[in-house]
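Structure file run12.txt (compact mmCIF, C-alpha atoms) is printed below.
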# COMPACT_ATOMS: atom_id res chain seq x y z
CA MET A 773 -33.45 18.37 56.28
CA GLY A 774 -35.08 16.12 53.70
CA ALA A 775 -38.51 17.45 54.49
CA ASN A 776 -37.42 21.04 53.70
CA ARG A 777 -35.87 20.19 50.29
CA THR A 778 -37.34 22.29 47.46
CA PRO A 779 -37.98 21.16 43.88
CA ARG A 780 -35.05 23.34 42.82
CA ASP A 781 -32.76 21.52 45.25
CA THR A 782 -33.91 18.20 43.82
CA ASP A 783 -33.27 19.43 40.27
CA ARG A 784 -29.79 20.54 41.27
CA ARG A 785 -28.99 17.16 42.80
CA ILE A 786 -30.27 15.37 39.69
CA GLY A 787 -28.20 17.72 37.56
CA ARG A 788 -25.06 16.99 39.60
CA ARG A 789 -25.68 13.25 39.30
CA ALA A 790 -26.12 13.61 35.54
CA LEU A 791 -22.84 15.51 35.30
CA ILE A 792 -21.06 12.85 37.36
CA VAL A 793 -22.55 10.01 35.30
CA GLY A 794 -21.88 11.85 32.06
CA GLY A 795 -18.32 12.60 33.09
CA ALA A 796 -17.74 9.00 34.04
CA ALA A 797 -19.12 7.83 30.71
CA ALA A 798 -16.92 10.30 28.87
CA ALA A 799 -13.90 9.10 30.83
CA VAL A 800 -14.71 5.49 29.97
CA GLY A 801 -15.15 6.43 26.33
CA THR A 802 -11.82 8.26 26.29
CA ALA A 803 -10.13 5.30 27.94
CA VAL A 804 -11.60 2.94 25.32
CA LEU A 805 -10.43 5.22 22.49
CA ALA A 806 -6.98 5.47 24.05
CA ARG A 807 -6.79 1.71 24.46
CA ASP A 808 -7.90 1.17 20.85
CA GLU A 809 -5.34 3.70 19.64
CA LEU A 810 -2.60 1.98 21.62
CA SER A 811 -3.65 -1.40 20.23
CA ARG A 812 -3.17 0.00 16.73
CA LEU A 813 0.09 1.83 17.41
CA TRP A 814 1.97 -0.44 19.81
CA TRP A 815 4.12 -1.62 16.93
CA ARG A 816 5.60 1.89 16.57
CA THR A 817 7.77 1.07 19.58
CA PRO A 818 11.36 0.70 18.30
CA GLY A 819 12.10 -2.90 17.36
CA VAL A 820 8.41 -3.88 17.11
CA GLU A 821 7.02 -4.58 13.64
CA LYS A 822 3.48 -4.13 12.38
CA PRO A 823 1.24 -7.16 12.90
CA ARG A 824 1.21 -9.46 9.85
CA LYS A 825 -1.03 -12.28 8.75
CA ALA A 826 0.03 -15.04 6.37
CA GLY A 827 -1.33 -14.45 2.89
CA GLU A 828 -2.56 -10.92 3.63
CA VAL A 829 -2.56 -8.54 0.65
CA ASP A 830 -2.39 -4.75 0.44
CA PHE A 831 -4.64 -4.43 -2.63
CA ARG A 832 -8.16 -5.79 -2.44
CA GLY A 833 -8.77 -8.52 -4.97
CA ALA A 834 -5.12 -9.44 -5.43
CA ARG A 835 -4.05 -13.06 -5.07
CA TRP A 836 -1.09 -13.80 -2.82
CA LEU A 837 1.89 -15.83 -4.01
CA ALA A 838 4.95 -15.32 -1.83
CA ALA A 839 8.26 -14.45 -3.46
CA SER A 840 11.43 -16.10 -2.21
CA GLU A 841 12.79 -14.37 0.89
CA ALA A 842 16.09 -14.03 -0.98
CA ASN A 843 14.44 -11.52 -3.33
CA TRP A 844 13.30 -8.94 -0.78
CA ARG A 845 14.21 -7.49 2.62
CA ARG A 846 11.93 -7.34 5.64
CA ALA A 847 11.14 -3.77 6.63
CA ASP A 848 8.47 -1.66 8.31
CA ARG A 849 7.60 0.93 5.69
CA PRO A 850 6.67 3.75 5.73
CA ASP A 851 8.00 4.10 9.30
CA ASP A 852 11.58 3.13 8.53
CA TYR A 853 11.64 4.20 4.86
CA ARG A 854 9.30 6.70 3.21
CA VAL A 855 7.39 5.44 0.18
CA ASP A 856 7.15 8.13 -2.48
CA MET A 857 7.43 6.36 -5.81
CA VAL A 858 5.91 3.66 -8.04
CA VAL A 859 8.16 1.91 -10.57
CA VAL A 860 6.56 0.37 -13.68
CA HIS A 861 8.17 -2.78 -15.10
CA VAL A 862 7.47 -5.27 -17.91
CA THR A 863 8.18 -8.95 -17.29
CA GLN A 864 9.66 -9.85 -20.70
CA GLY A 865 7.74 -13.09 -20.46
CA SER A 866 4.52 -14.63 -19.22
CA LEU A 867 3.00 -14.05 -15.83
CA ASP A 868 3.77 -17.65 -14.85
CA SER A 869 7.42 -17.26 -15.79
CA ALA A 870 7.65 -14.09 -13.70
CA VAL A 871 6.09 -15.84 -10.71
CA GLN A 872 8.53 -18.72 -11.12
CA ALA A 873 11.49 -16.32 -11.28
CA PHE A 874 10.39 -14.37 -8.21
CA ARG A 875 10.01 -17.59 -6.23
CA ASP A 876 13.53 -18.64 -7.20
CA PRO A 877 16.08 -17.61 -4.52
CA GLY A 878 18.78 -17.48 -7.17
CA HIS A 879 16.95 -14.81 -9.16
CA GLN A 880 17.83 -12.11 -6.59
CA ALA A 881 14.99 -9.82 -7.75
CA ALA A 882 11.22 -9.47 -7.49
CA THR A 883 8.53 -6.81 -7.55
CA HIS A 884 5.69 -6.31 -5.09
CA TYR A 885 3.03 -6.90 -7.75
CA ILE A 886 2.47 -8.43 -11.19
CA VAL A 887 -0.46 -7.32 -13.35
CA GLY A 888 -1.58 -9.82 -15.99
CA LYS A 889 -2.94 -9.20 -19.47
CA ASP A 890 -6.37 -10.19 -18.13
CA GLY A 891 -6.21 -7.52 -15.43
CA GLY A 892 -5.55 -9.94 -12.59
CA VAL A 893 -3.24 -8.67 -9.85
CA THR A 894 -0.78 -10.94 -8.05
CA GLN A 895 1.02 -9.69 -4.94
CA MET A 896 4.28 -11.42 -4.03
CA ILE A 897 5.84 -9.03 -1.49
CA ARG A 898 4.12 -6.87 1.13
CA GLU A 899 4.35 -3.12 0.61
CA LEU A 900 5.83 -2.98 4.11
CA ASP A 901 8.93 -4.69 2.78
CA VAL A 902 11.72 -3.68 0.41
CA ALA A 903 11.59 -5.57 -2.89
CA PHE A 904 14.75 -5.96 -4.94
CA HIS A 905 13.32 -4.63 -8.19
CA ALA A 906 14.69 -1.25 -9.19
CA GLY A 907 18.40 -2.07 -9.41
CA ALA A 908 19.31 0.71 -6.98
CA ARG A 909 19.09 0.40 -3.20
CA ASP A 910 17.63 3.84 -2.49
CA TYR A 911 14.94 3.38 -5.15
CA ASN A 912 14.09 -0.06 -3.77
CA GLU A 913 13.65 1.38 -0.30
CA ARG A 914 11.39 4.24 -1.38
CA SER A 915 9.22 2.58 -4.04
CA VAL A 916 6.60 -0.03 -4.84
CA GLY A 917 7.38 -2.10 -7.94
CA ILE A 918 4.71 -3.29 -10.39
CA GLU A 919 5.47 -5.77 -13.18
CA HIS A 920 3.25 -6.07 -16.25
CA GLU A 921 2.95 -9.32 -18.19
CA GLY A 922 4.35 -9.12 -21.70
CA PHE A 923 7.22 -7.89 -23.85
CA VAL A 924 8.38 -4.32 -24.40
CA ASP A 925 8.32 -4.73 -28.21
CA ARG A 926 4.75 -6.10 -28.34
CA PRO A 927 2.23 -3.28 -27.85
CA GLN A 928 -0.62 -5.80 -28.08
CA ASP A 929 0.47 -7.21 -24.73
CA PHE A 930 -0.60 -3.98 -23.00
CA THR A 931 -4.32 -4.67 -22.89
CA ASP A 932 -7.17 -2.43 -21.75
CA ALA A 933 -7.71 -4.70 -18.75
CA MET A 934 -4.06 -4.44 -17.79
CA TYR A 935 -3.93 -0.65 -18.04
CA GLU A 936 -7.11 -0.24 -16.01
CA ALA A 937 -6.16 -2.72 -13.28
CA SER A 938 -2.65 -1.30 -12.98
CA ALA A 939 -4.00 2.25 -12.82
CA ARG A 940 -6.34 1.31 -9.96
CA LEU A 941 -3.45 -0.34 -8.14
CA THR A 942 -1.14 2.64 -8.60
CA ALA A 943 -3.88 5.08 -7.56
CA ARG A 944 -4.44 3.07 -4.36
CA ILE A 945 -0.71 3.05 -3.59
CA CYS A 946 -0.45 6.80 -4.20
CA ALA A 947 -3.45 7.48 -1.96
CA ARG A 948 -2.06 5.28 0.82
CA TYR A 949 1.31 7.03 0.99
CA GLY A 950 0.41 10.51 -0.26
CA ILE A 951 2.44 10.08 -3.46
CA PRO A 952 1.87 12.82 -6.06
CA VAL A 953 0.30 11.46 -9.24
CA ASP A 954 2.89 12.73 -11.70
CA ARG A 955 5.74 11.44 -13.81
CA GLU A 956 8.34 12.40 -11.23
CA HIS A 957 6.88 9.88 -8.79
CA ILE A 958 5.39 7.27 -11.17
CA ILE A 959 8.30 6.20 -13.33
CA GLY A 960 9.48 3.41 -15.61
CA HIS A 961 12.27 1.05 -14.72
CA VAL A 962 14.30 2.66 -17.51
CA GLU A 963 14.26 5.93 -15.55
CA VAL A 964 16.04 4.53 -12.49
CA PRO A 965 19.58 5.96 -12.58
CA GLY A 966 22.45 3.55 -13.03
CA THR A 967 20.46 0.65 -14.51
CA ASP A 968 20.51 -0.78 -18.03
CA HIS A 969 16.83 -1.75 -18.20
CA THR A 970 14.58 -0.43 -20.97
CA ASP A 971 11.12 -1.32 -19.62
CA PRO A 972 8.31 -0.50 -19.90
CA GLY A 973 9.53 0.43 -23.39
CA PRO A 974 8.34 2.75 -26.16
CA HIS A 975 4.91 1.12 -26.53
CA TRP A 976 3.81 1.81 -22.97
CA ASP A 977 1.29 4.65 -23.31
CA TRP A 978 2.22 6.97 -20.45
CA ASN A 979 -0.37 9.63 -21.31
CA ARG A 980 -3.15 7.05 -21.26
CA TYR A 981 -1.83 5.44 -18.09
CA MET A 982 -1.52 8.66 -16.12
CA LYS A 983 -5.05 9.71 -17.10
CA LEU A 984 -6.34 6.36 -15.87
CA VAL A 985 -4.42 6.68 -12.58
CA ARG A 986 -5.84 10.18 -11.99
CA ARG A 987 -9.35 8.98 -12.80
CA ALA A 988 -8.98 5.99 -10.49
CA GLY A 989 -7.60 8.31 -7.82
CA THR A 990 -10.83 10.28 -7.67
CA ALA A 991 -12.66 7.04 -6.88
CA VAL A 992 -10.52 6.16 -3.86
CA LYS A 993 -10.78 9.55 -2.12
As structure tokens - that is how I would like this structure written.
Amino acid sequence: MGANRTPRDTDRRIGRRALIVGGAAAAVGTAVLARDELSRLWWRTPGVEKPRKAGEVDFRGARWLAASEANWRRADRPDDYRVDMVVVHVTQGSLDSAVQAFRDPGHQAATHYIVGKDGGVTQMIRELDVAFHAGARDYNERSVGIEHEGFVDRPQDFTDAMYEASARLTARICARYGIPVDREHIIGHVEVPGTDHTDPGPHWDWNRYMKLVRRAGTAVK
């Protein structure tokens, strides 16, 4: 039989082998992709949380200083609670005093981030988790809170570096969760219903801030 094989027969056999090898390679590739996908999504199983690493931050360049566990609640956002809002706060004090307060279990409140006058960003609670910052449970569950170092009655505290760093942070948060960049979804603490807070106060330049967030948003897409 072998002696009567034509060149066309040989080409066909080579072609079949190529298909078999190619199919096997494709199957292996699909299996690898499936395995990688499962390795990323195994935590979506009910009762299984996302993998966490000590000191890990959600915003590149931020420093990590953990808030007291009494000032936030462990969660698995956005799988258990949607995130569709950013709440802007002012510390009414220095950055160091805010850090000290958020690390105090008796304070009973903390935000995810603090932005300093120098533009430095400190993260104290993971975005996965619910920070006690807004003064209303449903707003806590659906938002990321950002403090800004300074006082509401001192416009000089709101520096260029602070505005720009905070805008980049808010733009990154909005991109991550698909939050619209508008004043219905980026609000001040004063706008949370049922609270008596006044921050960020009359000197916070919302027009400037929103322009900076939109500009920063084009850079992260």
In the coordinate frame of the file, compute which residues have an atom within 12 Å of (3.1, -2.7, -29.8) when using only C-alpha atoms, and state them as a list of chain:residue names. A:Gly922, A:Phe923, A:Val924, A:Asp925, A:Arg926, A:Pro927, A:Gln928, A:Asp929, A:Phe930, A:Thr931, A:Pro972, A:Gly973, A:Pro974, A:His975, A:Trp976, A:Asp977
With C-alpha atoms retained, export the selected residues as a PDB file, keeping the file's coordinate frame.
ATOM      1  CA  GLY A 922       4.350  -9.120 -21.700  1.00  0.00           C
ATOM      2  CA  PHE A 923       7.220  -7.890 -23.850  1.00  0.00           C
ATOM      3  CA  VAL A 924       8.380  -4.320 -24.400  1.00  0.00           C
ATOM      4  CA  ASP A 925       8.320  -4.730 -28.210  1.00  0.00           C
ATOM      5  CA  ARG A 926       4.750  -6.100 -28.340  1.00  0.00           C
ATOM      6  CA  PRO A 927       2.230  -3.280 -27.850  1.00  0.00           C
ATOM      7  CA  GLN A 928      -0.620  -5.800 -28.080  1.00  0.00           C
ATOM      8  CA  ASP A 929       0.470  -7.210 -24.730  1.00  0.00           C
ATOM      9  CA  PHE A 930      -0.600  -3.980 -23.000  1.00  0.00           C
ATOM     10  CA  THR A 931      -4.320  -4.670 -22.890  1.00  0.00           C
ATOM     11  CA  PRO A 972       8.310  -0.500 -19.900  1.00  0.00           C
ATOM     12  CA  GLY A 973       9.530   0.430 -23.390  1.00  0.00           C
ATOM     13  CA  PRO A 974       8.340   2.750 -26.160  1.00  0.00           C
ATOM     14  CA  HIS A 975       4.910   1.120 -26.530  1.00  0.00           C
ATOM     15  CA  TRP A 976       3.810   1.810 -22.970  1.00  0.00           C
ATOM     16  CA  ASP A 977       1.290   4.650 -23.310  1.00  0.00           C
TER      17      ASP A 977
END
Shortest interatomic distance to Met896 (chain A) - which of A:Gly917, A:Gly989, A:Pro823, A:Gly950, counting all atoms listed in the file: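 That would be A:Gly917, the residue with the smallest distance to Met896 (chain A).
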Between A:Ala939, A:Ile886, A:Ala903, A:Val858, which has the minimum distance to Ala991 (chain A) (counting all atoms listed in the file)?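 Using all atoms listed in the file, the shortest distance to Ala991 (chain A) belongs to A:Ala939.
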Would you mind reading off the distance between CA of Lys825 (chain A) and CA of Asp901 (chain A), one decimal, in Å? 13.9 Å
Quick check, in Å to one decimal: how far apart do CA of Tyr949 (chain A) and CA of Glu913 (chain A) lie? 13.6 Å
Contacts of Arg854 (chain A) at 8 Å or less, counting all atoms listed in the file, minus same-chain residues fewer than 4 places along, as a list in words?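 Contacts, with the query itself left out: Arg849, Pro850, Glu913 and Arg914 of chain A.
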Which residues come within 9 Å of Gln895 (chain A), counting all atoms listed in the file, excluding same-chain residues fewer than 5 positions away, as a short mmCIF file (atom, residue, chain, number, x, y, z; two decimals) with C-alpha atoms, keeping the file's coordinate frame?
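Wrote out.cif, looks like this:
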data_model
loop_
_atom_site.label_atom_id
_atom_site.label_comp_id
_atom_site.auth_asym_id
_atom_site.auth_seq_id
_atom_site.Cartn_x
_atom_site.Cartn_y
_atom_site.Cartn_z
CA VAL A 829 -2.56 -8.54 0.65
CA ASP A 830 -2.39 -4.75 0.44
CA PHE A 831 -4.64 -4.43 -2.63
CA ALA A 834 -5.12 -9.44 -5.43
CA ARG A 835 -4.05 -13.06 -5.07
CA TRP A 836 -1.09 -13.80 -2.82
CA LEU A 837 1.89 -15.83 -4.01
CA ALA A 838 4.95 -15.32 -1.83
CA ALA A 839 8.26 -14.45 -3.46
CA THR A 883 8.53 -6.81 -7.55
CA HIS A 884 5.69 -6.31 -5.09
CA TYR A 885 3.03 -6.90 -7.75
CA ILE A 886 2.47 -8.43 -11.19
CA VAL A 887 -0.46 -7.32 -13.35
#
Smallest atom-to-atom distance to Glu921 (chain A): which of A:Gly966, A:Pro952, A:Gly891, A:Gly833, using all atoms listed in the file?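 Closest candidate: A:Gly891.
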In Å to one decimal, how far is CA of Arg944 (chain A) from CA of Ala847 (chain A)?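 Interatomic distance, CA of Ala847 (chain A) to CA of Arg944 (chain A): 20.3 Å.
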Using all atoms listed in the file, which of A:Asp868, A:Asn979, A:Leu900, A:Val964 sits nearest Arg824 (chain A)?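 Under the stated criterion, the closest residue is A:Leu900.
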Quick one: residues within 12 Å of (-10.2, 10.3, -8.8) (file frame), counting all atoms listed in the file, please, as a PyMOL selection string. chain A and resi 939-940+942-944+946-947+953+982-993
Could you pull the residues within 8 Å of Trp844 (chain A), counting all atoms listed in the file, minus those fewer than 6 positions along the same chain, as a VMD selection string? chain A and resid 881 to 882 897 901 to 904
So, counting only C-alpha atoms, which residue among A:His961, A:His861, A:Arg832, A:Arg980 is closest to Glu919 (chain A)? A:His861
Using only C-alpha atoms, the residue out of A:Asp910, A:Asp856, A:Asp968, A:Asp932 with shortest distance to Gly892 (chain A) is A:Asp932
Supply region 938-962 of chain A as a CSV table (one decimal), keeping the file's coordinate frame, with N, CA and C atoms built in where the input has gaps.
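So the final result, stored in result_21.csv, reads:
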chain,number,residue,atom,x,y,z
A,938,SER,N,-3.9,-1.9,-13.5
A,938,SER,CA,-2.6,-1.3,-13.0
A,938,SER,C,-2.9,0.1,-12.5
A,939,ALA,N,-3.7,0.9,-13.2
A,939,ALA,CA,-4.0,2.2,-12.8
A,939,ALA,C,-4.7,2.3,-11.5
A,940,ARG,N,-5.7,1.4,-11.3
A,940,ARG,CA,-6.3,1.3,-10.0
A,940,ARG,C,-5.4,1.0,-8.8
A,941,LEU,N,-4.5,0.0,-9.1
A,941,LEU,CA,-3.4,-0.3,-8.1
A,941,LEU,C,-2.5,0.8,-7.8
A,942,THR,N,-2.0,1.5,-8.8
A,942,THR,CA,-1.1,2.6,-8.6
A,942,THR,C,-1.9,3.8,-7.9
A,943,ALA,N,-3.1,4.0,-8.2
A,943,ALA,CA,-3.9,5.1,-7.6
A,943,ALA,C,-4.0,4.8,-6.1
A,944,ARG,N,-4.3,3.5,-5.8
A,944,ARG,CA,-4.4,3.1,-4.4
A,944,ARG,C,-3.1,3.2,-3.6
A,945,ILE,N,-2.0,2.9,-4.2
A,945,ILE,CA,-0.7,3.0,-3.6
A,945,ILE,C,-0.4,4.5,-3.3
A,946,CYS,N,-0.7,5.4,-4.3
A,946,CYS,CA,-0.4,6.8,-4.2
A,946,CYS,C,-1.3,7.4,-3.1
A,947,ALA,N,-2.6,7.0,-3.0
A,947,ALA,CA,-3.4,7.5,-2.0
A,947,ALA,C,-3.0,7.0,-0.6
A,948,ARG,N,-2.5,5.8,-0.5
A,948,ARG,CA,-2.1,5.3,0.8
A,948,ARG,C,-0.9,6.0,1.4
A,949,TYR,N,0.1,6.4,0.5
A,949,TYR,CA,1.3,7.0,1.0
A,949,TYR,C,1.4,8.5,0.7
A,950,GLY,N,0.4,9.1,0.1
A,950,GLY,CA,0.4,10.5,-0.3
A,950,GLY,C,1.4,10.8,-1.4
A,951,ILE,N,1.5,9.9,-2.3
A,951,ILE,CA,2.4,10.1,-3.5
A,951,ILE,C,1.8,10.9,-4.5
A,952,PRO,N,2.4,12.0,-5.0
A,952,PRO,CA,1.9,12.8,-6.1
A,952,PRO,C,1.7,12.0,-7.3
A,953,VAL,N,0.6,12.2,-8.0
A,953,VAL,CA,0.3,11.5,-9.2
A,953,VAL,C,0.9,12.2,-10.4
A,954,ASP,N,2.2,12.1,-10.6
A,954,ASP,CA,2.9,12.7,-11.7
A,954,ASP,C,4.1,11.8,-12.1
A,955,ARG,N,4.7,12.3,-13.2
A,955,ARG,CA,5.7,11.4,-13.8
A,955,ARG,C,7.1,11.5,-13.1
A,956,GLU,N,7.1,12.4,-12.1
A,956,GLU,CA,8.3,12.4,-11.2
A,956,GLU,C,8.3,11.3,-10.2
A,957,HIS,N,7.1,10.9,-9.9
A,957,HIS,CA,6.9,9.9,-8.8
A,957,HIS,C,6.3,8.5,-9.3
A,958,ILE,N,5.8,8.5,-10.5
A,958,ILE,CA,5.4,7.3,-11.2
A,958,ILE,C,6.3,7.1,-12.4
A,959,ILE,N,7.3,6.2,-12.3
A,959,ILE,CA,8.3,6.2,-13.3
A,959,ILE,C,8.4,4.8,-13.9
A,960,GLY,N,9.1,4.7,-15.0
A,960,GLY,CA,9.5,3.4,-15.6
A,960,GLY,C,10.8,2.9,-15.1
A,961,HIS,N,11.0,1.6,-15.2
A,961,HIS,CA,12.3,1.0,-14.7
A,961,HIS,C,13.4,1.7,-15.5
A,962,VAL,N,13.2,2.0,-16.7
A,962,VAL,CA,14.3,2.7,-17.5
A,962,VAL,C,14.8,4.0,-16.9
